[in-house]
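Raw protein.cif, mmCIF, C-alpha atoms:
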data_run
#
loop_
_atom_site.label_atom_id
_atom_site.label_comp_id
_atom_site.auth_asym_id
_atom_site.auth_seq_id
_atom_site.Cartn_x
_atom_site.Cartn_y
_atom_site.Cartn_z
CA MET A 116 -15.79 -21.20 -54.07
CA GLN A 117 -14.43 -17.71 -53.46
CA TYR A 118 -17.86 -16.36 -52.54
CA LYS A 119 -18.57 -19.25 -50.21
CA ARG A 120 -15.38 -18.62 -48.27
CA PHE A 121 -16.10 -14.92 -48.13
CA ALA A 122 -19.58 -15.58 -46.72
CA SER A 123 -18.32 -17.93 -44.04
CA ASN A 124 -15.65 -15.39 -43.04
CA CYS A 125 -18.34 -12.76 -42.74
CA ILE A 126 -20.46 -14.96 -40.51
CA GLN A 127 -17.45 -15.68 -38.30
CA LEU A 128 -16.73 -11.98 -38.04
CA ILE A 129 -20.32 -11.18 -37.09
CA PHE A 130 -20.28 -13.84 -34.38
CA ALA A 131 -17.02 -12.51 -33.00
CA LEU A 132 -18.47 -9.01 -32.89
CA LEU A 133 -21.62 -10.22 -31.17
CA ILE A 134 -19.60 -11.99 -28.52
CA THR A 135 -17.49 -8.89 -27.84
CA LEU A 136 -20.53 -6.67 -27.64
CA ALA A 137 -22.67 -9.02 -25.56
CA PRO A 138 -21.65 -7.72 -22.09
CA VAL A 139 -22.47 -4.17 -23.11
CA GLY A 140 -26.05 -5.06 -23.90
CA ALA A 141 -26.52 -7.24 -20.82
CA PRO A 142 -28.51 -5.71 -17.97
CA PRO A 143 -26.45 -4.36 -15.05
CA VAL A 144 -25.85 -6.79 -12.21
CA GLN A 145 -28.59 -6.51 -9.63
CA ALA A 146 -27.36 -5.86 -6.13
CA ALA A 147 -27.74 -9.03 -4.13
CA GLY A 148 -30.41 -8.88 -1.47
CA LEU A 149 -31.24 -5.26 -2.15
CA GLU A 150 -34.88 -6.04 -2.74
CA ALA A 151 -35.31 -6.61 0.99
CA PHE A 152 -35.16 -2.87 1.69
CA ASP A 153 -38.09 -0.53 1.74
CA PHE A 154 -37.23 2.64 -0.11
CA THR A 155 -40.63 4.25 0.30
CA GLY A 156 -39.43 5.89 3.52
CA LYS A 157 -36.65 8.37 4.21
CA VAL A 158 -33.88 6.52 2.43
CA ASP A 159 -33.30 7.47 -1.19
CA GLU A 160 -32.63 4.36 -3.26
CA ASP A 161 -30.22 6.11 -5.65
CA ARG A 162 -28.22 7.58 -2.79
CA PHE A 163 -28.06 4.22 -1.03
CA LYS A 164 -26.94 2.39 -4.17
CA ALA A 165 -24.41 5.08 -5.06
CA LEU A 166 -22.82 4.69 -1.63
CA ILE A 167 -22.65 0.91 -1.46
CA VAL A 168 -20.90 0.57 -4.83
CA GLN A 169 -18.03 2.65 -3.40
CA LEU A 170 -17.56 0.31 -0.46
CA ARG A 171 -15.62 -2.90 -0.59
CA CYS A 172 -16.88 -6.15 0.82
CA LEU A 173 -14.34 -7.42 3.36
CA VAL A 174 -15.05 -11.07 2.63
CA CYS A 175 -15.02 -11.26 -1.15
CA GLN A 176 -12.56 -8.50 -1.60
CA ASN A 177 -13.03 -7.85 -5.27
CA GLN A 178 -16.71 -7.16 -4.93
CA SER A 179 -18.40 -4.05 -3.68
CA LEU A 180 -21.00 -4.13 -0.94
CA ALA A 181 -23.57 -3.75 -3.70
CA ASP A 182 -22.48 -6.91 -5.52
CA SER A 183 -21.51 -9.22 -2.72
CA ASP A 184 -23.79 -11.94 -1.45
CA ALA A 185 -21.60 -12.63 1.58
CA GLU A 186 -23.30 -12.76 4.96
CA LEU A 187 -21.29 -9.78 6.17
CA ALA A 188 -22.26 -7.74 3.11
CA HIS A 189 -25.94 -8.35 3.94
CA ASP A 190 -25.35 -7.20 7.51
CA LEU A 191 -23.42 -4.12 6.46
CA ARG A 192 -26.06 -3.15 3.90
CA ARG A 193 -28.68 -3.44 6.63
CA GLU A 194 -26.51 -1.33 8.94
CA ILE A 195 -25.98 1.34 6.27
CA PHE A 196 -29.68 1.39 5.44
CA GLU A 197 -30.58 1.88 9.08
CA MET A 198 -28.01 4.62 9.54
CA MET A 199 -29.42 6.46 6.52
CA ASP A 200 -32.91 5.92 7.84
CA ASN A 201 -31.77 7.61 11.04
CA GLY A 202 -30.70 10.64 9.03
CA LYS A 203 -26.96 9.99 8.93
CA SER A 204 -25.01 11.59 6.08
CA ASP A 205 -22.90 9.62 3.59
CA LYS A 206 -19.77 10.86 5.34
CA GLU A 207 -20.99 9.64 8.71
CA VAL A 208 -21.71 6.21 7.26
CA VAL A 209 -18.27 6.03 5.63
CA ASP A 210 -16.54 7.20 8.83
CA PHE A 211 -18.44 4.56 10.79
CA LEU A 212 -17.15 1.82 8.50
CA VAL A 213 -13.60 3.15 8.30
CA ALA A 214 -13.42 3.30 12.11
CA ARG A 215 -14.20 -0.43 12.22
CA TYR A 216 -12.63 -1.89 9.10
CA GLY A 217 -10.02 0.70 8.11
CA ASP A 218 -9.46 2.39 4.76
CA PHE A 219 -9.69 -1.05 3.22
CA VAL A 220 -13.47 -0.68 2.85
CA LEU A 221 -12.98 2.28 0.53
CA TYR A 222 -12.48 1.72 -3.16
CA ASN A 223 -11.21 5.29 -3.26
CA PRO A 224 -8.54 5.48 -0.57
CA PRO A 225 -7.82 8.88 1.02
CA VAL A 226 -4.59 10.76 0.32
CA LYS A 227 -2.38 10.55 3.41
CA PRO A 228 1.28 9.69 4.13
CA GLU A 229 0.60 5.94 4.07
CA THR A 230 -1.04 6.15 0.65
CA TRP A 231 1.38 8.62 -0.95
CA ILE A 232 3.13 5.82 -2.81
CA LEU A 233 -0.22 4.72 -4.17
CA TRP A 234 -1.29 8.17 -5.31
CA TYR A 235 2.00 9.78 -6.31
CA GLY A 236 4.13 6.72 -7.13
CA PRO A 237 3.01 6.51 -10.77
CA PHE A 238 3.86 10.19 -11.33
CA VAL A 239 7.28 9.69 -9.76
CA LEU A 240 7.89 6.75 -12.09
CA LEU A 241 6.70 8.84 -15.03
CA ALA A 242 9.10 11.64 -14.06
CA ILE A 243 11.99 9.17 -13.77
CA GLY A 244 11.11 7.77 -17.18
CA LEU A 245 11.04 11.26 -18.73
CA LEU A 246 14.41 12.14 -17.16
CA VAL A 247 15.96 8.96 -18.54
CA LEU A 248 14.44 9.71 -21.94
CA VAL A 249 15.74 13.29 -22.03
CA TYR A 250 19.16 12.18 -20.83
CA THR A 251 19.40 9.46 -23.46
CA VAL A 252 18.24 11.66 -26.31
CA ARG A 253 20.64 14.46 -25.37
CA LYS A 254 23.56 12.10 -25.05
CA ARG A 255 22.87 10.67 -28.46
CA LYS A 256 22.79 14.16 -29.94
CA HIS A 257 26.16 15.10 -28.44
CA GLN A 258 27.70 11.84 -29.37
CA ARG A 259 27.20 12.29 -33.08
CA GLU A 260 26.96 15.72 -34.64
CA PRO A 261 25.41 15.58 -38.08
CA GLY A 262 27.94 15.86 -40.91
CA PHE A 263 31.63 14.94 -40.87
CA SER A 264 34.43 15.70 -38.48
CA ALA A 265 37.47 17.65 -39.67
CA GLN A 266 39.43 14.46 -40.07
CA GLU A 267 36.64 12.86 -42.07
CA GLN A 268 36.33 15.99 -44.23
CA GLN A 269 40.02 15.74 -45.01
CA ARG A 270 39.76 12.10 -45.94
CA LEU A 271 36.68 12.77 -48.02
CA LYS A 272 38.46 15.51 -49.84
CA THR A 273 41.40 13.30 -50.66
CA LEU A 274 39.15 10.51 -51.85
CA LEU A 275 36.92 12.78 -53.92
CA GLY A 276 39.90 14.76 -55.12
CA ASP A 277 41.55 11.55 -56.33
CA GLU A 278 38.41 10.55 -58.08
CA ASP A 279 38.01 13.99 -59.61
CA GLU A 280 41.48 13.85 -60.95
CA GLY A 281 40.89 10.40 -62.28
CA ASP A 282 37.74 11.44 -64.04
CA LYS A 283 39.14 14.54 -65.53
CA PRO A 284 39.90 14.33 -69.13
CA ALA A 285 43.60 14.54 -69.66
CA MET B 211 27.39 7.76 -17.18
CA PRO B 212 30.36 5.56 -16.25
CA ALA B 213 30.27 2.08 -17.73
CA PHE B 214 29.87 0.28 -14.40
CA ALA B 215 26.86 2.46 -13.52
CA ARG B 216 25.25 1.63 -16.82
CA TYR B 217 25.28 -2.04 -15.92
CA LEU B 218 24.72 -1.61 -12.21
CA ALA B 219 21.60 0.55 -12.46
CA PRO B 220 19.38 -2.05 -14.16
CA LEU B 221 20.70 -4.72 -11.81
CA LEU B 222 19.83 -2.61 -8.76
CA ALA B 223 16.42 -1.79 -10.19
CA PHE B 224 15.81 -5.48 -10.77
CA LEU B 225 16.91 -6.40 -7.25
CA ALA B 226 14.65 -3.73 -5.74
CA LEU B 227 11.69 -4.99 -7.73
CA ALA B 228 12.46 -8.60 -6.83
CA ALA B 229 12.65 -7.69 -3.12
CA LEU B 230 9.32 -5.88 -3.36
CA LEU B 231 7.59 -8.79 -5.07
CA TYR B 232 9.17 -11.29 -2.71
CA LYS B 233 7.77 -9.36 0.24
CA GLY B 234 4.40 -9.39 -1.50
CA LEU B 235 4.44 -13.18 -1.59
CA SER B 236 4.36 -13.38 2.20
CA ILE B 237 1.53 -10.85 2.65
CA ASP B 238 -1.91 -12.40 2.94
CA PRO B 239 -4.41 -10.09 1.23
CA ARG B 240 -7.17 -11.60 3.37
CA THR B 241 -5.56 -10.26 6.52
CA ILE B 242 -6.80 -6.71 6.83
CA PRO B 243 -5.06 -4.63 9.51
CA SER B 244 -7.55 -3.55 12.13
CA PRO B 245 -7.86 0.18 12.90
CA LEU B 246 -8.89 -0.82 16.44
CA ILE B 247 -5.39 -1.82 17.52
CA ASP B 248 -4.21 0.32 20.46
CA LYS B 249 -7.70 1.77 20.83
CA PRO B 250 -10.19 1.12 23.62
CA ALA B 251 -12.33 -1.95 22.95
CA PRO B 252 -15.69 -0.85 21.51
CA ALA B 253 -18.39 -0.76 24.19
CA PHE B 254 -20.89 -3.60 24.16
CA ARG B 255 -23.51 -5.20 26.35
CA LEU B 256 -24.94 -8.50 25.22
CA PRO B 257 -26.81 -11.38 26.83
CA ALA B 258 -24.69 -14.33 27.87
CA LEU B 259 -24.83 -17.51 25.85
CA LYS B 260 -25.62 -19.62 28.89
CA ASP B 261 -28.27 -17.37 30.38
CA PRO B 262 -30.12 -14.68 28.37
CA GLU B 263 -30.93 -12.92 31.64
CA GLN B 264 -27.25 -12.29 32.35
CA PHE B 265 -25.24 -9.67 30.50
CA ILE B 266 -21.63 -9.52 29.35
CA SER B 267 -19.98 -6.14 28.77
CA ASN B 268 -16.62 -4.35 28.68
CA THR B 269 -16.61 -4.11 32.49
CA ASP B 270 -15.96 -7.87 32.60
CA PHE B 271 -12.56 -7.29 31.00
CA LYS B 272 -11.42 -4.62 33.46
CA GLY B 273 -8.19 -5.13 35.34
CA LYS B 274 -7.01 -8.27 33.59
CA VAL B 275 -5.47 -9.31 30.30
CA THR B 276 -8.10 -11.13 28.28
CA LEU B 277 -8.62 -12.78 24.95
CA LEU B 278 -11.86 -12.28 23.07
CA ASN B 279 -12.42 -15.10 20.62
CA VAL B 280 -15.05 -14.69 17.91
CA TRP B 281 -16.53 -18.04 16.99
CA ALA B 282 -19.59 -19.86 15.67
CA THR B 283 -20.68 -23.45 15.26
CA TRP B 284 -21.08 -22.97 11.50
CA CYS B 285 -17.44 -21.96 11.22
CA VAL B 286 -15.18 -24.84 10.21
CA ALA B 287 -11.93 -23.11 11.15
CA CYS B 288 -13.32 -22.51 14.66
CA ARG B 289 -13.57 -26.25 15.14
CA GLN B 290 -9.97 -26.48 14.05
CA GLU B 291 -8.65 -23.97 16.58
CA HIS B 292 -10.91 -25.06 19.44
CA PRO B 293 -8.53 -27.59 21.08
CA LEU B 294 -5.82 -24.91 21.15
CA LEU B 295 -8.15 -22.53 22.98
CA VAL B 296 -8.86 -25.26 25.53
CA LYS B 297 -5.11 -25.63 26.03
CA LEU B 298 -4.63 -21.88 26.38
CA ARG B 299 -7.30 -21.81 29.06
CA GLN B 300 -5.54 -24.64 30.89
CA GLN B 301 -2.41 -22.48 30.88
CA GLY B 302 -4.35 -19.82 32.74
CA VAL B 303 -5.15 -17.41 29.89
CA GLU B 304 -8.51 -15.73 30.45
CA ILE B 305 -10.65 -16.17 27.37
CA TYR B 306 -14.05 -14.67 26.66
CA GLY B 307 -16.07 -15.73 23.69
CA LEU B 308 -18.17 -13.83 21.21
CA ASN B 309 -20.63 -16.32 19.83
CA TYR B 310 -21.26 -14.72 16.45
CA LYS B 311 -24.54 -15.13 14.53
CA ASP B 312 -25.18 -18.54 15.98
CA LYS B 313 -28.00 -20.57 17.55
CA ARG B 314 -27.98 -21.02 21.31
CA PRO B 315 -28.65 -24.80 21.42
CA ALA B 316 -26.01 -25.49 18.77
CA ALA B 317 -23.42 -23.36 20.57
CA GLU B 318 -24.13 -24.94 23.95
CA GLN B 319 -23.93 -28.42 22.49
CA TRP B 320 -20.58 -27.53 20.88
CA LEU B 321 -19.13 -26.45 24.22
CA GLN B 322 -20.35 -29.64 25.90
CA ARG B 323 -18.84 -31.81 23.20
CA PHE B 324 -15.51 -30.11 22.61
CA GLY B 325 -14.86 -28.51 26.01
CA ASN B 326 -15.47 -24.97 27.19
CA PRO B 327 -12.40 -22.70 27.24
CA TYR B 328 -14.47 -19.54 27.84
CA ILE B 329 -15.08 -17.71 31.11
CA ALA B 330 -18.28 -16.47 29.49
CA ASN B 331 -19.71 -15.98 26.03
CA ALA B 332 -21.51 -12.94 24.66
CA PHE B 333 -24.33 -13.99 22.36
CA ASP B 334 -24.37 -11.80 19.24
CA ALA B 335 -27.38 -13.10 17.34
CA ASP B 336 -27.51 -10.48 14.58
CA GLY B 337 -23.79 -9.74 14.30
CA ARG B 338 -24.00 -6.10 15.42
CA MET B 339 -21.23 -6.39 17.98
CA GLY B 340 -19.23 -8.11 15.26
CA ILE B 341 -19.57 -5.00 13.08
CA ASP B 342 -18.57 -2.73 15.97
CA TRP B 343 -15.45 -4.80 16.48
CA GLY B 344 -14.63 -4.90 12.79
CA VAL B 345 -15.14 -8.65 12.55
CA TYR B 346 -15.23 -9.79 8.94
CA GLY B 347 -14.69 -13.50 9.31
CA THR B 348 -14.56 -16.08 12.01
CA PRO B 349 -12.50 -17.02 13.88
CA GLU B 350 -10.84 -13.84 15.07
CA THR B 351 -9.12 -13.34 18.40
CA PHE B 352 -8.47 -10.02 20.14
CA VAL B 353 -5.94 -9.52 22.91
CA ILE B 354 -7.14 -6.85 25.36
CA ASP B 355 -4.94 -5.34 28.06
CA LYS B 356 -5.79 -4.46 31.68
CA HIS B 357 -7.12 -1.07 30.68
CA GLY B 358 -9.47 -2.44 28.08
CA ILE B 359 -7.26 -1.45 25.12
CA ILE B 360 -7.09 -3.82 22.16
CA ARG B 361 -3.44 -4.74 21.65
CA HIS B 362 -3.55 -7.42 19.01
CA LYS B 363 -5.91 -9.11 16.60
CA HIS B 364 -5.32 -12.57 15.25
CA ILE B 365 -7.30 -13.22 12.10
CA GLY B 366 -8.13 -16.79 11.18
CA PRO B 367 -7.71 -19.91 13.28
CA ILE B 368 -5.16 -19.75 16.07
CA THR B 369 -2.18 -21.97 15.38
CA PHE B 370 0.38 -23.49 17.68
CA ASN B 371 2.91 -21.09 16.18
CA ALA B 372 0.72 -18.07 16.85
CA ILE B 373 0.26 -19.12 20.47
CA GLU B 374 3.96 -19.67 21.07
CA HIS B 375 5.28 -16.63 19.25
CA GLU B 376 2.52 -14.03 19.40
CA ILE B 377 -0.20 -14.59 21.92
CA LEU B 378 1.55 -16.03 24.99
CA PRO B 379 4.52 -13.60 24.87
CA LEU B 380 2.12 -10.68 24.45
CA VAL B 381 -0.15 -11.82 27.30
CA LYS B 382 2.90 -12.18 29.52
CA LYS B 383 4.17 -8.73 28.58
CA LEU B 384 0.79 -7.08 29.12
CA ARG B 385 0.37 -8.78 32.49
CA GLU B 386 3.71 -7.43 33.65
CA ALA B 387 2.91 -3.93 32.43
CA ASN B 388 0.98 -1.54 34.60
#

Turn the structure described in the file into structure tokens.
Amino acid sequence: MQYKRFASNCIQLIFALLITLAPVGAPPVQAAGLEAFDFTGKVDEDRFKALIVQLRCLVCQNQSLADSDAELAHDLRREIFEMMDNGKSDKEVVDFLVARYGDFVLYNPPVKPETWILWYGPFVLLAIGLLVLVYTVRKRKHQREPGFSAQEQQRLKTLLGDEDEGDKPA
Amino acid sequence: MPAFARYLAPLLAFLALAALLYKGLSIDPRTIPSPLIDKPAPAFRLPALKDPEQFISNTDFKGKVTLLNVWATWCVACRQEHPLLVKLRQQGVEIYGLNYKDKRPAAEQWLQRFGNPYIANAFDADGRMGIDWGVYGTPETFVIDKHGIIRHKHIGPITFNAIEHEILPLVKKLREAN
């Protein structure tokens, strides 16, 4: 009976592990519609793919241009491919898109006054948290010095003294 | 720390957070602010929907306050806003259309059936002008002033509310301005 239960537990555990590990082993998601491009020419496939994963699709906002199957994503991929084919640099492509769609197309927004909260906010919160922590710890330390106050010492003495006297042999 | 501050601080922090989140509720993440606002309308030159031999370009907008409405027959929300555009036109607002990634016969049939509020339509078969104008969904409506500067972009179907409180007051203001 014991062994049987142990075996079934083991099998359950193995299944659970397999399920957790499954996505790791799965092949990476193929960029939708990417096969339509001809990378035998000037455009380097790795460079193209590296750029489009950094750009956000405006329609399905939680997908990059590499993942999205939206009509606009197809059009923008075509546009980016053609710009690269015409010898444009990555920066020129990104600037082209930002000029039309704003910083929103970037998964990595630039540091500027409007995005300071985004970039520095967490550190400000961390600093506030540390200040509160230091303040609290210090206050606690001051509040209660280790050992006894003079008054307590006195009382202790009396109590112990009484006891001592009581214990002493006559 | 005084006792009242000890109780007030968390309360204030909570209220600040609540205000922030409440504001977040009324922000539509699908509405992406356009970087083109207060910038000259991107240059374009496209064949007209009605006649491929004729061309529509920025020069058509010169000297008057115009609306540029991006639409397509495959766009459900465009059908929804269409009667409001017809009404706007009747009120004397000058509307141009950007027929976006559409088919000519379908678009022409649409205008015959539902009425034509447009002075003219630019026919953007492959969506390139759409990209230049930062269009990411239809319908979208731009308000362009007399000098060809984009002053406003309405994303999504125009509503009665948007007409009354955004578009008409803005058109009036821009017409009065030099």

Practice problem: Give as a PyMOL selection string every residue of chain A that touches chain B within 8 Å, counting all atoms listed in the file. | Solution: chain A and resi 173-174+176+187+190-191+213-217+219

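Interatomic distance, atom CA of A:Val158 against atom CA of A:Asp200: 5.5 Å.
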
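Counting only C-alpha atoms, the residue from B:Trp320, B:Glu386, B:Thr276, B:Glu374 that sits nearest to B:Lys297 is B:Glu374.
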
I need the output of the PyMOL selection byres ((chain A and resi 198) around 12) for this file as a tab-separated table (two decimals) with C-alpha atoms, keeping the file's coordinate frame; which residues are they?
chain	number	residue	atom	x	y	z
A	157	LYS	CA	-36.65	8.37	4.21
A	158	VAL	CA	-33.88	6.52	2.43
A	163	PHE	CA	-28.06	4.22	-1.03
A	191	LEU	CA	-23.42	-4.12	6.46
A	192	ARG	CA	-26.06	-3.15	3.90
A	193	ARG	CA	-28.68	-3.44	6.63
A	194	GLU	CA	-26.51	-1.33	8.94
A	195	ILE	CA	-25.98	1.34	6.27
A	196	PHE	CA	-29.68	1.39	5.44
A	197	GLU	CA	-30.58	1.88	9.08
A	199	MET	CA	-29.42	6.46	6.52
A	200	ASP	CA	-32.91	5.92	7.84
A	201	ASN	CA	-31.77	7.61	11.04
A	202	GLY	CA	-30.70	10.64	9.03
A	203	LYS	CA	-26.96	9.99	8.93
A	204	SER	CA	-25.01	11.59	6.08
A	205	ASP	CA	-22.90	9.62	3.59
A	206	LYS	CA	-19.77	10.86	5.34
A	207	GLU	CA	-20.99	9.64	8.71
A	208	VAL	CA	-21.71	6.21	7.26
A	209	VAL	CA	-18.27	6.03	5.63
A	210	ASP	CA	-16.54	7.20	8.83
A	211	PHE	CA	-18.44	4.56	10.79
A	212	LEU	CA	-17.15	1.82	8.50

Practice problem: Quick one: apply the PyMOL selection byres ((chain B and resi 285) around 12) to the file and drop the selected residues here as an MDAnalysis selection string. | Solution: chainID B and resid 280:284 286:292 309:312 316:317 320 347:350 366:367

Exercise. With a distance cut-off of 8 Å and all atoms listed in the file, select the neighbouring residues of stretch 368-372 of chain B, excluding the residue or stretch itself and same-chain residues fewer than 5 positions from it, and output the selection as a PyMOL selection string.
Key: chain B and resi 291+294+351+377

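Atom CA of B:Ala332 to atom CA of B:Ala258 spans 4.7 Å [interatomic distance, one decimal].
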
Axis-aligned box for all listed atoms of stretch 373-382 of chain B, 5 Å per side, centre and edges in Å to one decimal, as lines of an AutoDock Vina configuration file:
center_x = 2.5
center_y = -15.2
center_z = 24.4
size_x = 15.5
size_y = 19.0
size_z = 20.3

Point (-7.4, 0.8, 25.3), cut-off 9 Å, counting all atoms listed in the file, residues as a PDB file with C-alpha atoms, in the coordinates of the input:
ATOM      1  CA  ILE B 247      -5.390  -1.820  17.520  1.00  0.00           C
ATOM      2  CA  ASP B 248      -4.210   0.320  20.460  1.00  0.00           C
ATOM      3  CA  LYS B 249      -7.700   1.770  20.830  1.00  0.00           C
ATOM      4  CA  PRO B 250     -10.190   1.120  23.620  1.00  0.00           C
ATOM      5  CA  ALA B 251     -12.330  -1.950  22.950  1.00  0.00           C
ATOM      6  CA  ILE B 354      -7.140  -6.850  25.360  1.00  0.00           C
ATOM      7  CA  ASP B 355      -4.940  -5.340  28.060  1.00  0.00           C
ATOM      8  CA  LYS B 356      -5.790  -4.460  31.680  1.00  0.00           C
ATOM      9  CA  HIS B 357      -7.120  -1.070  30.680  1.00  0.00           C
ATOM     10  CA  GLY B 358      -9.470  -2.440  28.080  1.00  0.00           C
ATOM     11  CA  ILE B 359      -7.260  -1.450  25.120  1.00  0.00           C
ATOM     12  CA  ILE B 360      -7.090  -3.820  22.160  1.00  0.00           C
ATOM     13  CA  ARG B 361      -3.440  -4.740  21.650  1.00  0.00           C
TER      14      ARG B 361
END
